[in-house]
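K.L.:
Take a look at the following structure, please.
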Number of protein chains: 2
Amino acid sequence: MTTIKDIAKVAGVSVTTVSRALNGYSDVNEKTRQKIMAVAKELKYSPNTLARSLVMNKSNTIGLLVSGLTRSSAKDNFTFKILSGVNEYLSNSGYDLVLFSTTSTKQREKTYTELCRERRVDGVIMQGIKTDDPYLIEVVDSDIPCVLIDIPIESDTVGYVTTDNISGAKKAVQHLLELGHKKIAMVNGHEFAFVSKRRLEGFMEAHHEMNVPVNPSWIVSGAFDEDEAERQALKLLTDFPEITAVFCASDLMALGVIKAAKKLKIDIPTQLSIVGYDDILLASYVSPALTTVAQDIYQMGYKSAELLVQMLQGDAVSHIITLENELKMRESTAKNHDC
Amino acid sequence: MTTIKDIAKVAGVSVTTVSRALNGYSDVNEKTRQKIMAVAKELKYSPNTLARSLVMNKSNTIGLLVSGLTRSSAKDNFTFKILSGVNEYLSNSGYDLVLFSTTSTKQREKTYTELCRERRVDGVIMQGIKTDDPYLIEVVDSDIPCVLIDIPIESDTVGYVTTDNISGAKKAVQHLLELGHKKIAMVNGHEFAFVSKRRLEGFMEAHHEMNVPVNPSWIVSGAFDEDEAERQALKLLTDFPEITAVFCASDLMALGVIKAAKKLKIDIPTQLSIVGYDDILLASYVSPALTTVAQDIYQMGYKSAELLVQMLQGDAVSHIITLENELKMRESTAKNHDC
DNA sequence: CAAGATATCCGAAACGTTTTGGGAGGTGTT
DNA sequence: AACACCTCCCAAAACGTTTCGGATATCTTG
């Protein structure tokens with residue numbers, strides 16, 4: 001592998017000059033620059049980023065720390081969309097992307113901070129980390145620039161991007177209320193996600209504003225899992241047959257609820273309205289097509305990368321980005337038959 | 001950031017000893033090792049992989065060069081599954097993953113080889129690269145260890161993993177033939193994919209073995225694109241109403257064909273049987289559920305990583321891995337009504 | 001023409017590791 | 001007593017860059 005030294009030797013100049021020529025400094029004669037360029041090309045020179053990073057103390061690498069990179073996460077390709085968005089921005093920005101995955105057993109051996117430090121990433125984007133993850137706090141408290149997805153923590157070195165989950169949930173529930181539903185259940189995600197809390201808030205607010213009482217027994221946790229949601233819904237719908245609508249904190253869980261309803265021979269949407277959250281691909285293909293609140297996950301990834309790079313360059317105006325979402329009405333919701 | 005030098009100073013030993021202690025060499029007293037470990041922990045030492053890689057001439061990094069990391073590729077999450085599989089294997093192997101994407105404009109500025117060399121990756125996995133990509137040949141001809149997905153090129157430094165596309169296509173077409181179909185069309189992918197060629201071969205072989213003639217006009221290209229496949233199918237099915245079945249080289253294209261059939265008021269499967277390829281998530285959710293030949297894409301990713309690591313360690317017995325596939329019969333195929 | 005300015009170049013140090021080739025001291029063997 | 005052999009440690013070189021602080025030659029200016 002040819003180095004800067006080889007070029008220097010062939011071109012008859014010092015390594016300093018080669019370095020400065022290649023990096024476009026002005027204190028090298030145009031003639032010699034040409035010469036150096038030519039030699040570099042001829043020798044098929046590729047700069048060694050390792051050496052460069054070492055001396056410059058900057059790796060031009062950003063880490064992506066995700067949790068959903070498993071075989072099973074194909075349905076809900078949240079992680080994939082984040083990744084695509086991040087990648088899209090980064091590939092035009094001079095940063096490379098290294099992937100850290102927490103799926104493995106490795107996660108217990110090394111903390112996220114250690115992973116980042118060892119690879120000397122300039123910054124890190126984190127997604128799918130639970131709020132009670134001790135390693136999360138460690139990173140946030142470290143000096144590693146960091147942007148979180150759907151975790152509202154802000155500091156000098158950490159920012160986040162999220163969507164307006166309160167308003168999203170509110171839109172969904174308002175829609176149900178406007179359809180005449182008064183007995184609305186909620187299948188929430190697990191408690192270690194901020195989005196769960198926010199969506200619950202939105203659920204509550206919508207009820208309060210319309211002066212409709214909330215029954216706490218109708219709020220269950222589906223752990224963001226299709227099967228668990230199905231089990232919970234099965235119980236919920238048998239215990240409380242008066243329920244006419246259910247709001248799910250994710251589409252995946254909504255699919256579970258649909259299955260439960262089918263098992264109980266409850267027709268959707270005539271007997272039961274369902275609205276989900278995320279607008280995953282399946283939402284529009286499943287039958288009945290799922291009414292859901294759509295968030296632009298790809299955009300979240302893109303914006304995360306943008307924010308992080310801005311933070312690294314010191315020109316981030318705000319460390320917080322909140323994206324809008326949109327209620328997509330499809331076939332899983334209808335007027336309350338009791339009205 | 002604390003270095004090995006700092007530890008040496010505090011522990012009162014040389015950097016050599018610290019290095020050797022930390023790396024588990026036997027020529028350091030257990031007492032001093034303990035001491036060094038303690039100091040390292042106390043100072044929150046993280047080894048600098050950049051420096052290590054530089055001197056050892058090995059980055060413990062493998063590159064993943066993919067093409068399908070775009071917003072639009074959410075439906076067909078081939079790339080995501082590959083990525084998941086690769087990541088799964090790698091996260092337990094001591095290698096980190098850096099992502100190169102060819103979606104950007106950057107691809108024309110730097111060749112794949114340059115990307116790999118600059119980052120000093122130990123090896124690279126490539127997916128979604130077209131066979132006529134000039135940069136592909138460059139990498140293959142270089143000394144960079146490399147495993148290709150669905151591109152059968154083998155050498156000292158390159159291996160590949162693929163599925164048995166001939167037999168896969170054959171199974172699909174045999175199934176149609178057994179159902180009594182004699183006028184079978186094929187919507188193939190673009191010509192710059194080896195899988196297209198192989199699947200066409202399988203298509204042909206199945207016909208020959210059953211002594212059923214093939215009509216070349218019934219073989220069209222859908223470019224692996226849903227919309228293009230729909231357009232082609234529209235034309236095909238109007239021009240040749242005698243066609244009773246179509247084999248598609250991808251599920252995505254099969255979805256396009258289904259749309260075309262719906263537009264033409266052709267019922268599936270009573271009037272037209274369709275079989276796809278890939279078994280994407282949508283295949284089982286779409287209506288009618290798609291008969292298709294399933295390949296374990298996640299496994300392809302996993303095996304790719306495994307193969308590459310074996311090659312790097314010099315203990316790969318073969319550079320070729322061929323995975324099996326399986327015909328999944330669902331609702332989009334039925335007995336030929338003319339029988 | 002002296003003095004400063006400018007253009008062009010370079011030597012050497014630095015980044016944080018690993019590794020080579022020893023060397024000191026102790027123990028056992030003959 | 002001489003020798004071999006451990007055990008434990010270390011100094012220095014090397015990896016491929018960037019950058020600091022000059023050095024030299026040429027040009028400009030008063």
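Every chain in the structure tokens has a letter given in the order shown (A, B, ...), and although residue numbers restart at 1 in each chain, ligands are simply numbered from 1 in the order shown.
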Could the residues of chain D within 9 Å of chain A, counting only C-alpha atoms (C1' of nucleotides), be given as a tab-separated table (two decimals) with C-alpha atoms (C1' of nucleotides), in the first residue's frame, please?

P.N.:
chain	number	residue	atom	x	y	z
D	15	DC	C1'	2.72	2.39	11.61
D	16	DG	C1'	1.14	6.92	8.17
D	17	DT	C1'	-0.33	11.03	8.81
D	18	DT	C1'	-0.50	16.40	10.15
D	19	DT	C1'	1.51	20.51	11.81

K.L.:
Compile the residues of chain B that lie within 7 Å of chain A, evaluated using only C-alpha atoms, and express the compilation as a PyMOL selection string.

P.N.:
chain B and resi 46-51+54+69-71+75+80+84+91-92+97-99+101+104+106+114+117-119+281+285-286+298

K.L.:
Please produce an output containing N, CA and C atoms for each residue in the selection, written as a tab-separated table (two decimals), in the first residue's frame.

P.N.:
chain	number	residue	atom	x	y	z
B	46	SER	N	-9.78	3.56	27.72
B	46	SER	CA	-10.31	2.84	26.56
B	46	SER	C	-9.22	2.79	25.50
B	47	PRO	N	-8.88	1.61	25.03
B	47	PRO	CA	-7.84	1.52	24.02
B	47	PRO	C	-8.23	2.28	22.76
B	48	ASN	N	-7.28	2.88	22.13
B	48	ASN	CA	-7.53	3.60	20.90
B	48	ASN	C	-7.36	2.66	19.71
B	49	THR	N	-8.48	2.24	19.16
B	49	THR	CA	-8.39	1.27	18.07
B	49	THR	C	-7.71	1.84	16.84
B	50	LEU	N	-7.78	3.15	16.70
B	50	LEU	CA	-7.14	3.75	15.54
B	50	LEU	C	-5.64	3.49	15.59
B	51	ALA	N	-5.06	3.77	16.74
B	51	ALA	CA	-3.62	3.57	16.89
B	51	ALA	C	-3.29	2.09	16.75
B	54	LEU	N	-3.53	0.99	13.20
B	54	LEU	CA	-2.45	1.56	12.40
B	54	LEU	C	-1.20	0.70	12.50
B	69	LEU	N	-30.26	1.11	0.22
B	69	LEU	CA	-30.55	1.78	1.48
B	69	LEU	C	-31.23	3.11	1.23
B	70	THR	N	-32.38	3.03	0.59
B	70	THR	CA	-33.06	4.27	0.25
B	70	THR	C	-34.45	4.27	0.83
B	71	ARG	N	-35.01	5.43	0.83
B	71	ARG	CA	-36.36	5.58	1.33
B	71	ARG	C	-37.32	4.62	0.65
B	75	LYS	N	-40.39	-1.50	1.05
B	75	LYS	CA	-41.26	-2.63	0.77
B	75	LYS	C	-40.47	-3.92	0.67
B	80	PHE	N	-32.20	-4.70	4.21
B	80	PHE	CA	-32.30	-4.69	5.67
B	80	PHE	C	-32.03	-6.07	6.25
B	84	SER	N	-29.13	-7.11	8.74
B	84	SER	CA	-29.39	-7.73	10.04
B	84	SER	C	-28.57	-8.98	10.22
B	91	SER	N	-21.47	-9.07	15.26
B	91	SER	CA	-21.47	-8.51	16.60
B	91	SER	C	-20.95	-9.52	17.62
B	92	ASN	N	-20.81	-10.74	17.20
B	92	ASN	CA	-20.23	-11.73	18.10
B	92	ASN	C	-18.85	-12.19	17.62
B	97	LEU	N	-18.72	-3.02	11.96
B	97	LEU	CA	-19.31	-2.90	10.63
B	97	LEU	C	-19.34	-1.45	10.20
B	98	VAL	N	-18.73	-1.15	9.08
B	98	VAL	CA	-18.94	0.20	8.55
B	98	VAL	C	-19.69	0.11	7.24
B	99	LEU	N	-20.58	1.06	7.12
B	99	LEU	CA	-21.54	1.01	6.04
B	99	LEU	C	-21.13	1.92	4.91
B	101	SER	N	-22.54	3.27	1.31
B	101	SER	CA	-23.76	3.27	0.53
B	101	SER	C	-23.48	3.81	-0.85
B	104	SER	N	-25.66	7.47	-3.02
B	104	SER	CA	-25.38	8.89	-3.14
B	104	SER	C	-24.62	9.22	-4.41
B	106	LYS	N	-21.83	10.34	-4.21
B	106	LYS	CA	-20.45	10.08	-3.83
B	106	LYS	C	-19.87	8.92	-4.62
B	114	GLU	N	-11.38	2.39	-3.44
B	114	GLU	CA	-10.84	3.53	-2.69
B	114	GLU	C	-11.50	3.63	-1.32
B	117	ARG	N	-10.03	0.97	0.85
B	117	ARG	CA	-8.63	1.21	1.19
B	117	ARG	C	-8.49	2.34	2.20
B	118	GLU	N	-9.24	3.39	1.97
B	118	GLU	CA	-9.10	4.54	2.86
B	118	GLU	C	-9.46	4.18	4.29
B	119	ARG	N	-10.54	3.44	4.42
B	119	ARG	CA	-10.97	3.05	5.76
B	119	ARG	C	-10.20	1.83	6.25
B	281	LEU	N	-42.29	-9.84	3.17
B	281	LEU	CA	-43.32	-9.79	4.20
B	281	LEU	C	-44.71	-9.64	3.60
B	285	TYR	N	-49.43	-11.15	3.18
B	285	TYR	CA	-50.48	-10.24	3.63
B	285	TYR	C	-51.34	-9.73	2.49
B	286	VAL	N	-50.76	-9.77	1.31
B	286	VAL	CA	-51.47	-9.23	0.17
B	286	VAL	C	-52.64	-10.17	-0.15
B	298	TYR	N	-31.99	-13.20	5.52
B	298	TYR	CA	-31.26	-12.97	6.77
B	298	TYR	C	-30.08	-13.95	6.86

K.L.:
Select from chain C every residue with an atom at most 9 Å from any atom of chain B, then for each give the shortest pair of atoms and their distance in Å to one decimal, using only C-alpha atoms (C1' of nucleotides), rows by chain and rising number, as a tab-separated table.

P.N.:
residue	atom	partner	partner_atom	distance
C:DC15	C1'	B:Ala51	CA	8.0
C:DG16	C1'	B:Ala51	CA	5.1
C:DT17	C1'	B:Arg52	CA	4.8
C:DT18	C1'	B:Val55	CA	6.4
C:DT19	C1'	B:Thr16	CA	9.0

K.L.:
Write out the residues from the selection above, keeping C-alpha atoms (C1' of nucleotides), as a PDB file, in the first residue's frame.

P.N.:
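To be explicit, this is the file written out as result-v4.pdb:
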ATOM      1  C1'  DC C  15      -0.792  10.996  17.791  1.00  0.00           C
ATOM      2  C1'  DG C  16      -1.356   5.927  20.786  1.00  0.00           C
ATOM      3  C1'  DT C  17      -0.402   1.704  20.047  1.00  0.00           C
ATOM      4  C1'  DT C  18       2.421  -3.022  19.286  1.00  0.00           C
ATOM      5  C1'  DT C  19       6.546  -5.524  18.817  1.00  0.00           C
TER       6       DT C  19
END

K.L.:
Residues within 10 Å of B:Met329, please, as a ChimeraX atom specification. Count only C-alpha atoms (C1' of nucleotides); anything in the same chain fewer than 3 positions from it doesn't count.

P.N.:
/B:172,175,275,289-293,326,332-334

K.L.:
Report the residues of stretch 245-310 of chain B whose backbone DSSP state falls under helix (DSSP H, G or I), written as number ranges by chain.

P.N.:
B: 251-263, 281-284, 297-310

K.L.:
Can you list, as a list in words, every protein, DNA or RNA residue that comes within 12 Å of A:Lys170 when you count only C-alpha atoms (C1' of nucleotides), leaving out same-chain residues fewer than 5 positions away?

P.N.:
Asp164, Asn165, His175, Leu176, Leu177, Glu178, Arg198, Arg199, Leu200, Glu201, Gly202, Phe203, Met204, Glu205, Ala206, His207, His208, Glu209, Met210, Phe247, Ala249, Val275, Tyr277, Thr292, Val293, Asn325, Glu326 and Leu327 of chain A

K.L.:
Skipping near chain neighbours, those fewer than 4 positions away, what residues fall within 8 Å of stretch 2-13 of chain C using only C-alpha atoms (C1' of nucleotides), listed as a PDB file with C-alpha atoms (C1' of nucleotides), in the first residue's frame?

P.N.:
ATOM      1  CA  SER A  14       9.334  16.103   1.491  1.00  0.00           C
ATOM      2  CA  THR A  16       5.303  17.694   4.421  1.00  0.00           C
ATOM      3  CA  THR A  17       4.941  19.061   0.953  1.00  0.00           C
ATOM      4  CA  ASP A  27       1.949  27.262   0.176  1.00  0.00           C
ATOM      5  CA  VAL A  28       2.939  24.798  -2.469  1.00  0.00           C
ATOM      6  CA  ASN A  29       3.822  25.682  -6.016  1.00  0.00           C
TER       7      ASN A  29
ATOM      8  C1'  DA D  23      14.800  27.971   6.319  1.00  0.00           C
ATOM      9  C1'  DT D  26      13.117  35.572  -4.706  1.00  0.00           C
ATOM     10  C1'  DC D  27      10.664  39.824  -4.980  1.00  0.00           C
ATOM     11  C1'  DT D  28       9.350  44.567  -3.424  1.00  0.00           C
TER      12       DT D  28
END

K.L.:
Tell me, which residues of stretch 190-286 of chain B carry DSSP strand (DSSP E), written as an MDAnalysis selection string?

P.N.:
chainID B and resid 219:221 245:248 273:278

K.L.:
Could you save those same residues with N, CA and C atoms as a short mmCIF file (atom, residue, chain, number, x, y, z; two decimals), in the first residue's frame?

P.N.:
data_model
loop_
_atom_site.label_atom_id
_atom_site.label_comp_id
_atom_site.auth_asym_id
_atom_site.auth_seq_id
_atom_site.Cartn_x
_atom_site.Cartn_y
_atom_site.Cartn_z
N ILE B 219 -41.80 -13.56 -22.38
CA ILE B 219 -40.78 -13.26 -21.37
C ILE B 219 -40.41 -11.80 -21.47
N VAL B 220 -40.76 -11.06 -20.44
CA VAL B 220 -40.51 -9.62 -20.45
C VAL B 220 -39.67 -9.23 -19.24
N SER B 221 -39.17 -8.01 -19.26
CA SER B 221 -38.38 -7.52 -18.13
C SER B 221 -39.15 -6.50 -17.32
N ALA B 245 -50.77 -18.15 -16.65
CA ALA B 245 -49.95 -18.10 -15.44
C ALA B 245 -48.74 -17.22 -15.70
N VAL B 246 -48.27 -16.58 -14.66
CA VAL B 246 -47.02 -15.82 -14.82
C VAL B 246 -46.12 -16.02 -13.60
N PHE B 247 -44.87 -16.23 -13.96
CA PHE B 247 -43.83 -16.40 -12.95
C PHE B 247 -43.02 -15.10 -12.89
N CYS B 248 -42.91 -14.55 -11.70
CA CYS B 248 -42.20 -13.28 -11.55
C CYS B 248 -40.89 -13.52 -10.81
N SER B 273 -52.83 -17.55 -12.68
CA SER B 273 -52.01 -17.92 -11.52
C SER B 273 -50.73 -17.09 -11.52
N ILE B 274 -50.31 -16.70 -10.34
CA ILE B 274 -49.09 -15.90 -10.24
C ILE B 274 -48.19 -16.49 -9.16
N VAL B 275 -46.90 -16.63 -9.49
CA VAL B 275 -45.96 -16.97 -8.43
C VAL B 275 -44.80 -16.00 -8.45
N GLY B 276 -44.41 -15.62 -7.25
CA GLY B 276 -43.35 -14.62 -7.10
C GLY B 276 -42.05 -15.24 -6.63
N TYR B 277 -41.17 -14.41 -6.17
CA TYR B 277 -39.86 -14.87 -5.72
C TYR B 277 -39.39 -13.95 -4.60
N ASP B 278 -38.98 -14.52 -3.51
CA ASP B 278 -38.37 -13.82 -2.37
C ASP B 278 -39.09 -14.12 -1.05
#

K.L.:
Provide the atom CA of B:Pro134 to atom CA of B:Glu226 distance in Å, to one decimal place.

P.N.:
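A separation of 26.6 Å between them.
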
K.L.:
List the spatial neighbours of A:Met253 as a PyMOL selection string - criterion: any atom at most 8 Å away, only C-alpha atoms (C1' of nucleotides), same-chain residues fewer than 5 positions off excluded.

P.N.:
chain A and resi 187+222+224-230+248+276

K.L.:
Write a file of the selected residues as a CSV table (one decimal), in the first residue's frame, keeping C-alpha atoms.

P.N.:
chain,number,residue,atom,x,y,z
A,187,VAL,CA,-53.0,-0.7,24.2
A,222,GLY,CA,-48.8,-4.5,24.9
A,224,PHE,CA,-44.9,-3.0,21.6
A,225,ASP,CA,-45.3,-6.6,20.8
A,226,GLU,CA,-47.8,-8.1,18.4
A,227,ASP,CA,-48.5,-11.3,20.3
A,228,GLU,CA,-48.6,-9.6,23.7
A,229,ALA,CA,-51.0,-7.0,22.4
A,230,GLU,CA,-53.2,-9.8,21.1
A,248,CYS,CA,-52.8,1.3,20.0
A,276,GLY,CA,-52.7,2.4,15.3

K.L.:
Take atom CA of B:Glu331 and atom CA of A:Ser250 and report the distance between them in Å, one decimal.

P.N.:
28.7 Å
